[in-house]
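Here's query-v3.cif, which has mmCIF, C-alpha atoms, pLDDT in the B column; chains and numbers go by the auth columns:
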data_final
loop_
_atom_site.group_PDB
_atom_site.id
_atom_site.type_symbol
_atom_site.label_atom_id
_atom_site.label_comp_id
_atom_site.label_asym_id
_atom_site.label_seq_id
_atom_site.Cartn_x
_atom_site.Cartn_y
_atom_site.Cartn_z
_atom_site.B_iso_or_equiv
_atom_site.auth_seq_id
_atom_site.auth_asym_id
ATOM 1 C CA MET A 1 0.000 0.000 0.000 74.00 1 A
ATOM 2 C CA PHE A 2 2.795 2.413 0.933 85.00 2 A
ATOM 3 C CA ASN A 3 6.413 2.302 -0.097 90.00 3 A
ATOM 4 C CA ILE A 4 7.888 2.075 3.406 94.00 4 A
ATOM 5 C CA THR A 5 10.701 0.222 5.129 95.00 5 A
ATOM 6 C CA ILE A 6 10.918 -1.287 8.598 95.00 6 A
ATOM 7 C CA LYS A 7 13.470 1.396 9.468 97.00 7 A
ATOM 8 C CA GLU A 8 10.980 4.132 8.477 97.00 8 A
ATOM 9 C CA ILE A 9 8.222 2.437 10.473 97.00 9 A
ATOM 10 C CA GLN A 10 10.441 2.324 13.553 97.00 10 A
ATOM 11 C CA SER A 11 11.400 5.972 13.094 97.00 11 A
ATOM 12 C CA ILE A 12 7.745 6.996 12.855 97.00 12 A
ATOM 13 C CA TRP A 13 6.927 4.862 15.894 97.00 13 A
ATOM 14 C CA VAL A 14 9.487 6.585 18.135 96.00 14 A
ATOM 15 C CA SER A 15 8.373 10.003 16.862 97.00 15 A
ATOM 16 C CA TYR A 16 4.714 9.534 17.796 98.00 16 A
ATOM 17 C CA VAL A 17 4.687 6.976 20.605 97.00 17 A
ATOM 18 C CA ASN A 18 5.994 6.973 24.156 96.00 18 A
ATOM 19 C CA VAL A 19 8.343 4.016 23.795 90.00 19 A
ATOM 20 C CA GLU A 20 8.171 3.150 27.499 94.00 20 A
ATOM 21 C CA SER A 21 4.387 2.857 27.664 95.00 21 A
ATOM 22 C CA ASN A 22 3.639 2.332 23.928 94.00 22 A
ATOM 23 C CA PHE A 23 0.961 5.019 24.266 97.00 23 A
ATOM 24 C CA ILE A 24 0.465 7.194 21.189 98.00 24 A
ATOM 25 C CA LEU A 25 1.322 10.780 22.101 96.00 25 A
ATOM 26 C CA VAL A 26 -0.018 12.284 18.874 96.00 26 A
ATOM 27 C CA TYR A 27 -1.836 10.325 16.209 97.00 27 A
ATOM 28 C CA PRO A 28 -0.347 11.472 12.891 97.00 28 A
ATOM 29 C CA SER A 29 -2.516 13.140 10.275 96.00 29 A
ATOM 30 C CA LYS A 30 -0.684 11.726 7.259 97.00 30 A
ATOM 31 C CA ARG A 31 -2.020 8.356 6.111 97.00 31 A
ATOM 32 C CA LYS A 32 1.428 6.807 5.575 97.00 32 A
ATOM 33 C CA LYS A 33 2.411 7.580 9.163 97.00 33 A
ATOM 34 C CA GLN A 34 -0.914 6.274 10.442 97.00 34 A
ATOM 35 C CA TRP A 35 -0.256 3.084 8.494 97.00 35 A
ATOM 36 C CA ALA A 36 3.159 2.739 10.165 97.00 36 A
ATOM 37 C CA ILE A 37 1.654 3.164 13.637 98.00 37 A
ATOM 38 C CA LEU A 38 -1.106 0.666 12.877 98.00 38 A
ATOM 39 C CA TYR A 39 1.412 -1.781 11.433 97.00 39 A
ATOM 40 C CA MET A 40 3.158 -1.859 14.810 97.00 40 A
ATOM 41 C CA ILE A 41 -0.117 -2.137 16.738 97.00 41 A
ATOM 42 C CA SER A 42 -1.337 -4.950 14.499 96.00 42 A
ATOM 43 C CA LYS A 43 1.503 -7.120 15.810 95.00 43 A
ATOM 44 C CA ASP A 44 -0.554 -7.545 18.999 96.00 44 A
ATOM 45 C CA PHE A 45 -3.087 -9.614 17.047 97.00 45 A
ATOM 46 C CA ASN A 46 -2.711 -13.125 15.654 96.00 46 A
ATOM 47 C CA MET A 47 -3.360 -14.170 12.091 94.00 47 A
ATOM 48 C CA HIS A 48 -6.179 -16.680 11.524 88.00 48 A
ATOM 49 C CA GLN A 49 -7.818 -15.765 14.821 94.00 49 A
ATOM 50 C CA THR A 50 -11.129 -13.977 15.147 96.00 50 A
ATOM 51 C CA TYR A 51 -11.731 -11.211 17.657 97.00 51 A
ATOM 52 C CA SER A 52 -14.849 -9.576 18.988 97.00 52 A
ATOM 53 C CA GLU A 53 -15.087 -5.791 18.878 96.00 53 A
ATOM 54 C CA LYS A 54 -14.671 -5.785 22.636 96.00 54 A
ATOM 55 C CA GLU A 55 -11.423 -7.766 22.365 97.00 55 A
ATOM 56 C CA VAL A 56 -10.052 -5.436 19.689 97.00 56 A
ATOM 57 C CA ASP A 57 -10.995 -2.391 21.771 97.00 57 A
ATOM 58 C CA ALA A 58 -9.273 -3.821 24.856 97.00 58 A
ATOM 59 C CA VAL A 59 -5.973 -3.977 22.968 97.00 59 A
ATOM 60 C CA LEU A 60 -6.376 -0.584 21.311 98.00 60 A
ATOM 61 C CA LYS A 61 -7.267 1.238 24.550 98.00 61 A
ATOM 62 C CA ALA A 62 -3.715 0.599 25.736 97.00 62 A
ATOM 63 C CA TYR A 63 -2.416 2.634 22.784 98.00 63 A
ATOM 64 C CA HIS A 64 -4.708 5.660 22.557 97.00 64 A
ATOM 65 C CA GLU A 65 -7.799 7.194 24.104 96.00 65 A
ATOM 66 C CA ASP A 66 -9.476 7.341 20.682 97.00 66 A
ATOM 67 C CA TYR A 67 -9.398 3.577 20.245 97.00 67 A
ATOM 68 C CA VAL A 68 -12.483 3.774 18.012 97.00 68 A
ATOM 69 C CA ARG A 69 -10.462 5.796 15.484 98.00 69 A
ATOM 70 C CA LEU A 70 -7.686 3.228 15.617 98.00 70 A
ATOM 71 C CA ARG A 71 -10.169 0.404 15.060 97.00 71 A
ATOM 72 C CA ARG A 72 -11.759 2.210 12.118 97.00 72 A
ATOM 73 C CA ASP A 73 -8.346 2.915 10.572 98.00 73 A
ATOM 74 C CA LEU A 74 -7.302 -0.723 11.001 97.00 74 A
ATOM 75 C CA ILE A 75 -10.303 -1.601 8.838 97.00 75 A
ATOM 76 C CA ASP A 76 -9.844 1.236 6.329 96.00 76 A
ATOM 77 C CA LEU A 77 -6.153 0.438 5.836 96.00 77 A
ATOM 78 C CA LYS A 78 -6.868 -3.292 5.399 95.00 78 A
ATOM 79 C CA PHE A 79 -5.158 -4.589 8.534 96.00 79 A
ATOM 80 C CA PHE A 80 -8.466 -6.179 9.537 97.00 80 A
ATOM 81 C CA ILE A 81 -11.635 -7.336 7.918 96.00 81 A
ATOM 82 C CA ARG A 82 -14.879 -7.507 9.841 95.00 82 A
ATOM 83 C CA THR A 83 -18.326 -8.878 9.402 95.00 83 A
ATOM 84 C CA LYS A 84 -21.011 -6.481 8.166 93.00 84 A
ATOM 85 C CA ASP A 85 -22.529 -6.280 11.632 93.00 85 A
ATOM 86 C CA GLY A 86 -19.093 -5.491 13.139 88.00 86 A
ATOM 87 C CA SER A 87 -19.188 -8.401 15.551 92.00 87 A
ATOM 88 C CA ILE A 88 -16.158 -10.350 14.279 97.00 88 A
ATOM 89 C CA TYR A 89 -12.732 -9.013 13.302 97.00 89 A
ATOM 90 C CA GLU A 90 -9.872 -10.883 11.683 97.00 90 A
ATOM 91 C CA LYS A 91 -6.328 -9.711 11.053 96.00 91 A
ATOM 92 C CA GLN A 92 -5.198 -9.686 7.430 95.00 92 A
ATOM 93 C CA ALA A 93 -1.713 -10.109 6.040 92.00 93 A
ATOM 94 C CA VAL A 94 -0.092 -6.841 5.023 89.00 94 A
ATOM 95 C CA SER A 95 3.140 -6.325 3.203 85.00 95 A
ATOM 96 C CA LEU A 96 5.581 -3.462 3.164 82.00 96 A
#
Could you rewrite the structure in this file as C-alpha cells?
Amino acid sequence: MFNITIKEIQSIWVSYVNVESNFILVYPSKRKKQWAILYMISKDFNMHQTYSEKEVDAVLKAYHEDYVRLRRDLIDLKFFIRTKDGSIYEKQAVSL
C-alpha cells in the first residue's frame, strides 16, 4: 500500500509513541504515518484468529484514548476485515 521500510516504520513509531508505555502521544494526520503506527499495533493480534469488537478495543485502549479511530483505521487500511454487523474481526496479512 505504501512504499515504506521497517526502518521508516520504527522511526515513525518513536516520533509519535511513548516508547516506554507504547501510548500514542499524537496520532499522525498523514495516512502513511498512520499506516506505520497501525502496522506496529497490528503485531498484537494473531493471524487466523477472530476477535470480537470488545477484544479489539481492549488492545487498542492501551495505545490511545481514541481507540475507536484506531479500530476504524485498522479496517480502512486493510489490517483487519470484519463482518457487516461489526461483531467479528480478523487480522489480514499486510506487506511493506
Item to check | Residues matched by the PyMOL selection byres ((chain A and resi 71-81) around 6), written as a PyMOL selection string | outcome: chain A and resi 68-70+82+89-92
Item to check | Evaluate the PyMOL selection byres ((chain A and resi 51) around 6) and report residues as a ChimeraX atom specification | outcome: /A:50,52,55,88-89
Checklist entry - Hey, what comes out of the PyMOL selection byres ((chain A and resi 39) around 10) on this file? Could you write it as a ChimeraX atom specification? => result /A:6,9,13,33-38,40-44,74,77,79,94-96
Item to check | Residue with smallest distance to Ala62 of chain A - pool A:Met47, A:Ala93, A:Val14, A:Leu25, counting all atoms listed in the file | outcome: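 Distance minimum relative to Ala62 of chain A lands on A:Leu25.
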Residues proximal to (1.1, 10.1, 28.0) were defined as those with any atom within 12 Å of that point in the file's coordinates, counting only C-alpha atoms. Which are they, as an mmCIF file with C-alpha atoms, in the frame of the given file?
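Dumped to part.cif:
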data_model
loop_
_atom_site.group_PDB
_atom_site.id
_atom_site.type_symbol
_atom_site.label_atom_id
_atom_site.label_comp_id
_atom_site.auth_asym_id
_atom_site.auth_seq_id
_atom_site.Cartn_x
_atom_site.Cartn_y
_atom_site.Cartn_z
ATOM 1 C CA TYR A 16 4.714 9.534 17.796
ATOM 2 C CA VAL A 17 4.687 6.976 20.605
ATOM 3 C CA ASN A 18 5.994 6.973 24.156
ATOM 4 C CA VAL A 19 8.343 4.016 23.795
ATOM 5 C CA GLU A 20 8.171 3.150 27.499
ATOM 6 C CA SER A 21 4.387 2.857 27.664
ATOM 7 C CA ASN A 22 3.639 2.332 23.928
ATOM 8 C CA PHE A 23 0.961 5.019 24.266
ATOM 9 C CA ILE A 24 0.465 7.194 21.189
ATOM 10 C CA LEU A 25 1.322 10.780 22.101
ATOM 11 C CA VAL A 26 -0.018 12.284 18.874
ATOM 12 C CA ALA A 62 -3.715 0.599 25.736
ATOM 13 C CA TYR A 63 -2.416 2.634 22.784
ATOM 14 C CA HIS A 64 -4.708 5.660 22.557
ATOM 15 C CA GLU A 65 -7.799 7.194 24.104
#
Checklist entry - At what distance in Å, to one decimal, does atom CA of Lys32 of chain A lie from atom CA of Met1 of chain A? => result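 Separation of atom CA of Met1 of chain A and atom CA of Lys32 of chain A: 8.9 Å.
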Checklist entry - What does the distance from atom CA of Thr5 of chain A to atom CA of Leu60 of chain A come to in Å, to one decimal? => result 23.5 Å
Checklist entry - What is the atom CA of Lys7 of chain A to atom CA of Tyr67 of chain A distance in Å? => result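 These two atoms are separated by 25.4 Å.
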Item to check | Nearest residue to Thr83 of chain A from the set A:Ile12, A:Asn46, A:Glu53, A:Asp66 (distances using only C-alpha atoms) | outcome: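 The shortest atom-to-atom distance to Thr83 of chain A comes from A:Glu53.
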